[in-house]
Structures are given as C-alpha cells and as structure tokens.
>>> print(open('start_27.txt').read())   # compact mmCIF, C-alpha atoms
# COMPACT_ATOMS: atom_id res chain seq x y z
CA MET A 1 74.04 225.11 139.36
CA SER A 2 74.29 221.40 138.56
CA SER A 3 74.11 218.42 140.89
CA PHE A 4 77.72 217.72 139.78
CA SER A 5 78.96 220.93 141.40
CA ILE A 6 77.01 220.20 144.58
CA PHE A 7 78.55 216.73 144.82
CA TYR A 8 82.11 218.01 144.49
CA PHE A 9 81.65 221.21 146.49
CA PRO A 10 79.49 220.33 149.53
CA PHE A 11 80.04 223.79 151.06
CA LEU A 12 78.43 225.27 147.98
CA TYR A 13 75.42 223.01 148.52
CA GLN A 14 75.27 223.93 152.21
CA CYS A 15 75.13 227.61 151.24
CA LEU A 16 72.30 226.87 148.83
CA TRP A 17 70.46 224.76 151.41
CA GLU A 18 70.51 227.48 154.04
CA ARG A 19 70.62 230.64 151.96
CA ARG A 20 68.25 233.29 153.21
CA SER A 21 67.90 235.11 149.88
CA LYS A 22 65.28 233.99 147.40
CA LEU A 23 66.21 230.89 145.41
CA ASN A 24 65.52 230.81 141.70
CA LYS A 25 63.53 227.98 140.12
CA GLN A 26 66.60 226.00 139.05
CA GLU A 27 68.20 226.24 142.51
CA LYS A 28 64.96 225.10 144.14
CA GLY A 29 64.78 222.13 141.78
CA VAL A 30 68.36 221.12 142.58
CA LEU A 31 67.80 221.44 146.32
CA ILE A 32 64.53 219.49 146.29
CA ALA A 33 66.04 216.68 144.19
CA ASP A 34 69.07 216.39 146.46
CA LEU A 35 66.99 216.47 149.65
CA LYS A 36 64.55 213.88 148.25
CA GLU A 37 67.50 211.60 147.52
CA LYS A 38 68.75 212.04 151.10
CA PHE A 39 65.27 211.37 152.52
CA SER A 40 64.95 208.25 150.37
CA ARG A 41 68.23 206.83 151.72
CA ALA A 42 67.64 207.90 155.33
CA LYS A 43 67.12 205.35 158.08
CA ALA A 44 66.20 208.17 160.45
CA VAL A 45 65.50 211.91 160.22
CA VAL A 46 65.41 214.03 163.38
CA LEU A 47 63.52 217.33 163.26
CA THR A 48 64.80 220.07 165.53
CA ASP A 49 63.92 223.63 166.49
CA TYR A 50 67.19 225.58 166.37
CA GLN A 51 65.71 229.00 167.23
CA GLY A 52 68.12 231.08 169.31
CA MET A 53 71.22 229.15 168.26
CA SER A 54 74.12 231.12 166.81
CA VAL A 55 75.86 230.30 163.54
CA ALA A 56 78.85 229.12 165.57
CA GLU A 57 76.67 226.72 167.61
CA LEU A 58 75.06 225.33 164.46
CA THR A 59 78.53 224.86 162.97
CA VAL A 60 79.62 222.88 166.04
CA LEU A 61 76.49 220.70 165.82
CA ARG A 62 77.01 220.07 162.12
CA GLY A 63 80.68 219.22 162.66
CA MET A 64 79.86 216.78 165.45
CA LEU A 65 77.30 214.98 163.30
CA ARG A 66 79.52 214.97 160.23
CA LYS A 67 82.17 213.00 162.19
CA SER A 68 79.60 210.19 162.39
CA SER A 69 78.66 210.51 158.67
CA LEU A 70 75.41 212.29 159.55
CA ASP A 71 73.99 215.38 157.83
CA TYR A 72 72.44 218.46 159.42
CA GLY A 73 70.96 221.47 157.72
CA VAL A 74 68.24 224.08 157.70
CA VAL A 75 65.86 224.23 154.77
CA LYS A 76 62.68 226.11 153.94
CA ASN A 77 59.65 224.14 155.13
CA THR A 78 57.83 224.36 151.81
CA LEU A 79 60.81 222.79 150.01
CA ALA A 80 61.25 220.13 152.70
CA LYS A 81 57.58 219.12 152.34
CA ILE A 82 57.93 218.78 148.57
CA ALA A 83 61.16 216.77 148.97
CA ALA A 84 59.49 214.49 151.53
CA GLU A 85 56.70 213.48 149.12
CA GLU A 86 56.84 209.79 148.14
CA THR A 87 59.49 209.10 150.80
CA GLY A 88 59.18 207.78 154.35
CA VAL A 89 59.65 211.32 155.66
CA SER A 90 56.22 212.34 154.30
CA VAL A 91 54.70 211.20 157.64
CA ALA A 92 56.35 214.26 159.22
CA ALA A 93 54.84 216.80 156.81
CA ASP A 94 52.81 218.47 159.58
CA SER A 95 55.98 219.04 161.61
CA PHE A 96 57.60 221.30 159.03
CA LYS A 97 56.53 224.48 160.80
CA GLY A 98 58.60 227.29 162.24
CA PRO A 99 62.41 227.04 162.25
CA VAL A 100 63.29 223.42 161.45
CA GLY A 101 66.75 221.91 161.32
CA ILE A 102 67.02 218.41 159.91
CA ALA A 103 69.51 215.74 161.03
CA ILE A 104 69.76 212.74 158.70
CA GLY A 105 71.24 209.30 159.41
CA TYR A 106 71.79 206.75 156.66
CA ASP A 107 73.03 203.56 158.33
CA ASP A 108 72.14 203.27 162.01
CA PRO A 109 68.79 204.91 162.87
CA VAL A 110 69.67 204.97 166.57
CA LEU A 111 72.96 206.81 166.05
CA VAL A 112 71.54 210.07 164.66
CA VAL A 113 68.91 210.16 167.44
CA LYS A 114 71.57 209.62 170.13
CA LYS A 115 73.89 212.27 168.69
CA VAL A 116 71.21 214.96 168.41
CA LEU A 117 69.94 214.33 171.96
CA GLU A 118 73.53 214.30 173.21
CA PHE A 119 74.11 217.76 171.74
CA ALA A 120 70.75 219.03 173.05
CA LYS A 121 71.76 218.05 176.61
CA GLY A 122 74.63 220.51 176.42
CA ASN A 123 72.72 223.21 174.54
CA ASP A 124 69.12 223.77 175.64
CA LYS A 125 68.46 226.05 172.66
CA LEU A 126 68.23 222.99 170.42
CA LYS A 127 64.81 221.36 170.81
CA VAL A 128 63.88 218.00 169.31
CA LYS A 129 60.45 218.18 167.67
CA GLY A 130 60.25 214.54 166.65
CA ALA A 131 61.79 212.05 164.26
CA VAL A 132 61.02 209.70 161.43
CA VAL A 133 62.61 206.32 162.07
CA GLU A 134 62.36 203.89 159.16
CA GLY A 135 59.14 205.47 157.90
CA ARG A 136 57.43 205.87 161.27
CA PHE A 137 56.90 209.23 162.98
CA CYS A 138 58.06 209.34 166.61
CA ASN A 139 57.26 212.00 169.19
CA LEU A 140 59.84 213.32 171.66
CA GLN A 141 59.18 210.59 174.25
CA GLN A 142 59.56 207.86 171.62
CA VAL A 143 62.73 209.54 170.35
CA LYS A 144 64.19 209.35 173.88
CA GLU A 145 63.26 205.66 174.10
CA ILE A 146 64.97 204.96 170.78
CA ALA A 147 68.10 206.76 172.02
CA ASP A 148 68.25 204.29 174.93
CA LEU A 149 68.57 201.32 172.55
CA PRO A 150 72.01 199.72 172.17
CA PRO A 151 74.02 200.64 169.05
CA ARG A 152 73.31 198.70 165.85
CA GLU A 153 76.47 196.57 166.17
CA ILE A 154 75.45 195.37 169.63
CA LEU A 155 71.90 194.58 168.50
CA LEU A 156 73.27 192.57 165.57
CA SER A 157 75.66 190.65 167.83
CA MET A 158 72.78 189.90 170.23
CA LEU A 159 70.73 188.63 167.29
CA ALA A 160 73.66 186.52 166.06
CA GLY A 161 73.99 185.04 169.55
CA VAL A 162 70.35 184.02 169.50
CA PHE A 163 70.73 182.30 166.14
CA GLN A 164 73.83 180.42 167.30
CA ALA A 165 71.99 179.06 170.34
CA PRO A 166 70.62 175.49 170.36
CA ALA A 167 67.27 175.04 168.63
CA THR A 168 65.32 174.70 171.91
CA LYS A 169 66.83 177.94 173.28
CA LEU A 170 66.13 179.70 169.98
CA ALA A 171 62.52 178.54 170.02
CA GLY A 172 62.15 179.76 173.61
CA SER A 173 63.66 183.16 172.74
CA LEU A 174 61.41 183.59 169.72
CA ASN A 175 58.37 182.55 171.73
CA ALA A 176 59.25 185.06 174.47
CA THR A 177 59.65 187.79 171.85
CA VAL A 178 56.28 187.01 170.26
CA THR A 179 54.61 186.86 173.68
CA SER A 180 56.16 190.19 174.74
CA PHE A 181 55.08 191.76 171.47
CA ALA A 182 51.54 190.42 171.92
CA TYR A 183 51.40 191.86 175.45
CA ALA A 184 52.66 195.20 174.15
CA LEU A 185 50.01 195.30 171.42
CA ASP A 186 47.31 194.35 173.92
CA ALA A 187 48.43 197.09 176.33
CA LEU A 188 48.49 199.62 173.51
CA SER A 189 44.97 198.73 172.34
CA LYS A 190 43.66 198.97 175.92
CA LYS A 191 45.32 202.36 176.34
CA LYS A 192 43.74 203.64 173.13
CA ALA A 193 40.35 202.28 174.21
CA ASN A 194 40.64 204.08 177.57
CA GLU A 195 41.64 207.32 175.81
CA THR A 196 38.57 207.02 173.53
CA VAL A 197 36.27 206.50 176.51
CA THR A 198 37.68 209.44 178.48
CA THR A 199 37.42 211.79 175.47
>>> encode(input="start_27.txt", output="structure tokens")
Amino acid sequence: MSSFSIFYFPFLYQCLWERRSKLNKQEKGVLIADLKEKFSRAKAVVLTDYQGMSVAELTVLRGMLRKSSLDYGVVKNTLAKIAAEETGVSVAADSFKGPVGIAIGYDDPVLVVKKVLEFAKGNDKLKVKGAVVEGRFCNLQQVKEIADLPPREILLSMLAGVFQAPATKLAGSLNATVTSFAYALDALSKKKANETVTT
C-alpha cells in the first residue's frame, strides 16, 4: 500500500491505523512514516485512554474533531514510539502504555486540547493522559490550564493591540510581562526546592 493511496483514501489509512490484525512490514513502514509526518507538523498532541468506549463513540469523537481539522486515531504503542522519534512528541514516549488514542492539532495548540476536554466532559470513558504542546509534555492539570486560554485569534488580537499602543504603554506592558515571568520562575524554583527538602 503506497502513501499515494493513503492520501486519496483516508478511510483506507484509518483502517490501517487501527487494524487489530497483524500488520506486515510494508504496512508498518507506511504507518510510521505517515504518523511521523503528522507528529512533525503538530502544534499539539493529546494522549487519551479510550478504554470502554464503543466504536460508535469513537466515531462521534473523530467526527467532532475532524470538523475542526483535527485528527484522532488509535495506534499500537510500539509504532507510535518509533514515529515519535526525532519529533517533539518524543517527550511523551513513556506515556505510550495501555490503550492510547491520539488527537493531533496542526494550527492552534489550544483548540485540540479544548475539543478533547469538551468531549471528555460528556463522556467519562475518555480519559486525558497528558499532552505535548509545542514540544513540551503537559500533565492533566497543565492540559486543563491550557484549555482555559483564549483561542489563538484572540491572543493574536491582544498581542496586536499591545504593539499598536504608544511606546510608553508598550514598554510598561513588556516590563509587566517580564516581571510576571520572573515571579513565576522564582515561585517554581522555590516549589522545587521545597519538594526536594521534603523528599
């Protein structure tokens, strides 16, 4: 099966991605190459535990994500680990255990996180294990915090507003941002120091 056929017949690829029967060497190679390409383009990848979900429920989830140009699929962990090598998703290698469904977003990293959590609120069988957002692994709590961020368009308009402000206001905004970031780093280092002392 060539990558050409997968490109023009996505259902065929989906069957290959989630097929339960043993894949031959060529099929594995095609799947790994395609998944590596997706991982390389991804702004965010959300890892989920789909255990207990029916085929119909997974189909609904996939359809919901596809409407926002997001991918979702189930793949063997060994193949996912190989595909993740030399991509930002490699930081999640230890999370490819048990049943793992992968949601992939290519443009707005916040969107895929929001959509998966939105579905999980209505279906408690879907569990979020973590996410890789622009090369950084995030646990469930961090994933929830990311989901609370405004959409990409709003963030960009806020940034544009800052740059259109007078120079003194811009300097003040940048200074406040740097100061806030410094406080956050200081708080994080103190927290880690306290954790080291208590352990």
>>> closest_residue(input="start_27.txt", among="A:Val89, A:Lys144, A:Lys76, A:Ser69", to="Glu118 of chain A", atoms="only C-alpha atoms")
A:Lys144
>>> closest_residue(input="start_27.txt", among="A:Lys81, A:Lys43, A:Lys28, A:Lys129", to="Gln141 of chain A", atoms="all atoms listed in the file")
A:Lys129
>>> atom_distance(input="start_27.txt", atom1="atom CA of Leu35 of chain A", atom2="atom CA of Leu79 of chain A")
8.8 Å
>>> atom_distance(input="start_27.txt", atom1="atom CA of Leu117 of chain A", atom2="atom CA of Leu61 of chain A")
11.0 Å
>>> atom_distance(input="start_27.txt", atom1="atom CA of Leu23 of chain A", atom2="atom CA of Gly98 of chain A")
18.8 Å
>>> residues_near_point(input="start_27.txt", point="(72.8, 218.6, 161.9)", cutoff="7 Å", atoms="only C-alpha atoms", output="list of chain:residue names")
A:Leu61, A:Arg62, A:Leu65, A:Asp71, A:Tyr72, A:Gly73, A:Gly101, A:Ile102, A:Ala103
>>> closest_residue(input="start_27.txt", among="A:Gly29, A:Ser68, A:Leu58, A:Lys127", to="Asp108 of chain A", atoms="all atoms listed in the file")
A:Ser68
>>> build_atoms(input="start_27.txt", residues="segment 86-116 of chain A", atoms="N, CA and C atoms", output="mmCIF file, in the coordinates of the input")
data_model
loop_
_atom_site.group_PDB
_atom_site.id
_atom_site.type_symbol
_atom_site.label_atom_id
_atom_site.label_comp_id
_atom_site.auth_asym_id
_atom_site.auth_seq_id
_atom_site.Cartn_x
_atom_site.Cartn_y
_atom_site.Cartn_z
ATOM 1 N N GLU A 86 56.479 211.112 148.668
ATOM 2 C CA GLU A 86 56.840 209.790 148.140
ATOM 3 C C GLU A 86 58.108 209.232 148.794
ATOM 4 N N THR A 87 58.415 209.704 150.002
ATOM 5 C CA THR A 87 59.490 209.100 150.800
ATOM 6 C C THR A 87 58.908 208.812 152.179
ATOM 7 N N GLY A 88 59.652 208.088 152.997
ATOM 8 C CA GLY A 88 59.180 207.780 154.350
ATOM 9 C C GLY A 88 59.022 209.008 155.220
ATOM 10 N N VAL A 89 59.687 210.100 154.860
ATOM 11 C CA VAL A 89 59.650 211.320 155.660
ATOM 12 C C VAL A 89 58.322 212.065 155.500
ATOM 13 N N SER A 90 57.510 211.660 154.535
ATOM 14 C CA SER A 90 56.220 212.340 154.300
ATOM 15 C C SER A 90 55.317 212.279 155.529
ATOM 16 N N VAL A 91 55.523 211.298 156.422
ATOM 17 C CA VAL A 91 54.700 211.200 157.640
ATOM 18 C C VAL A 91 54.939 212.364 158.585
ATOM 19 N N ALA A 92 56.023 213.128 158.351
ATOM 20 C CA ALA A 92 56.350 214.260 159.220
ATOM 21 C C ALA A 92 55.963 215.602 158.599
ATOM 22 N N ALA A 93 55.177 215.566 157.532
ATOM 23 C CA ALA A 93 54.840 216.800 156.810
ATOM 24 C C ALA A 93 54.265 217.881 157.712
ATOM 25 N N ASP A 94 53.427 217.495 158.676
ATOM 26 C CA ASP A 94 52.810 218.470 159.580
ATOM 27 C C ASP A 94 53.800 219.100 160.553
ATOM 28 N N SER A 95 54.981 218.523 160.669
ATOM 29 C CA SER A 95 55.980 219.040 161.610
ATOM 30 C C SER A 95 56.906 220.077 160.995
ATOM 31 N N PHE A 96 56.781 220.285 159.691
ATOM 32 C CA PHE A 96 57.600 221.300 159.030
ATOM 33 C C PHE A 96 56.963 222.671 159.215
ATOM 34 N N LYS A 97 57.070 223.168 160.442
ATOM 35 C CA LYS A 97 56.530 224.480 160.800
ATOM 36 C C LYS A 97 57.544 225.209 161.653
ATOM 37 N N GLY A 98 57.633 226.520 161.467
ATOM 38 C CA GLY A 98 58.600 227.290 162.240
ATOM 39 C C GLY A 98 60.015 226.952 161.809
ATOM 40 N N PRO A 99 61.016 227.356 162.599
ATOM 41 C CA PRO A 99 62.410 227.040 162.250
ATOM 42 C C PRO A 99 62.688 225.552 162.447
ATOM 43 N N VAL A 100 63.041 224.862 161.376
ATOM 44 C CA VAL A 100 63.290 223.420 161.450
ATOM 45 C C VAL A 100 64.679 223.095 160.904
ATOM 46 N N GLY A 101 65.472 222.451 161.747
ATOM 47 C CA GLY A 101 66.750 221.910 161.320
ATOM 48 C C GLY A 101 66.612 220.404 161.220
ATOM 49 N N ILE A 102 67.214 219.827 160.187
ATOM 50 C CA ILE A 102 67.020 218.410 159.910
ATOM 51 C C ILE A 102 68.339 217.654 160.039
ATOM 52 N N ALA A 103 68.353 216.632 160.904
ATOM 53 C CA ALA A 103 69.510 215.740 161.030
ATOM 54 C C ALA A 103 69.149 214.428 160.333
ATOM 55 N N ILE A 104 70.049 213.935 159.498
ATOM 56 C CA ILE A 104 69.760 212.740 158.700
ATOM 57 C C ILE A 104 70.825 211.673 158.933
ATOM 58 N N GLY A 105 70.354 210.446 159.247
ATOM 59 C CA GLY A 105 71.240 209.300 159.410
ATOM 60 C C GLY A 105 70.934 208.253 158.358
ATOM 61 N N TYR A 106 71.981 207.652 157.795
ATOM 62 C CA TYR A 106 71.790 206.750 156.660
ATOM 63 C C TYR A 106 72.008 205.269 156.973
ATOM 64 N N ASP A 107 72.710 204.959 158.044
ATOM 65 C CA ASP A 107 73.030 203.560 158.330
ATOM 66 C C ASP A 107 72.353 203.063 159.604
ATOM 67 N N ASP A 108 72.675 203.680 160.710
ATOM 68 C CA ASP A 108 72.140 203.270 162.010
ATOM 69 C C ASP A 108 71.102 204.296 162.463
ATOM 70 N N PRO A 109 69.820 203.937 162.482
ATOM 71 C CA PRO A 109 68.790 204.910 162.870
ATOM 72 C C PRO A 109 68.923 205.400 164.304
ATOM 73 N N VAL A 110 69.528 204.579 165.166
ATOM 74 C CA VAL A 110 69.670 204.970 166.570
ATOM 75 C C VAL A 110 70.771 206.023 166.728
ATOM 76 N N LEU A 111 71.807 205.939 165.905
ATOM 77 C CA LEU A 111 72.960 206.810 166.050
ATOM 78 C C LEU A 111 72.604 208.287 165.915
ATOM 79 N N VAL A 112 71.873 208.650 164.880
ATOM 80 C CA VAL A 112 71.540 210.070 164.660
ATOM 81 C C VAL A 112 70.674 210.597 165.801
ATOM 82 N N VAL A 113 69.767 209.757 166.305
ATOM 83 C CA VAL A 113 68.910 210.160 167.440
ATOM 84 C C VAL A 113 69.768 210.409 168.671
ATOM 85 N N LYS A 114 70.681 209.478 168.964
ATOM 86 C CA LYS A 114 71.570 209.620 170.130
ATOM 87 C C LYS A 114 72.404 210.889 170.039
ATOM 88 N N LYS A 115 72.984 211.136 168.863
ATOM 89 C CA LYS A 115 73.890 212.270 168.690
ATOM 90 C C LYS A 115 73.160 213.602 168.859
ATOM 91 N N VAL A 116 71.965 213.710 168.300
ATOM 92 C CA VAL A 116 71.210 214.960 168.410
ATOM 93 C C VAL A 116 70.816 215.213 169.868
#
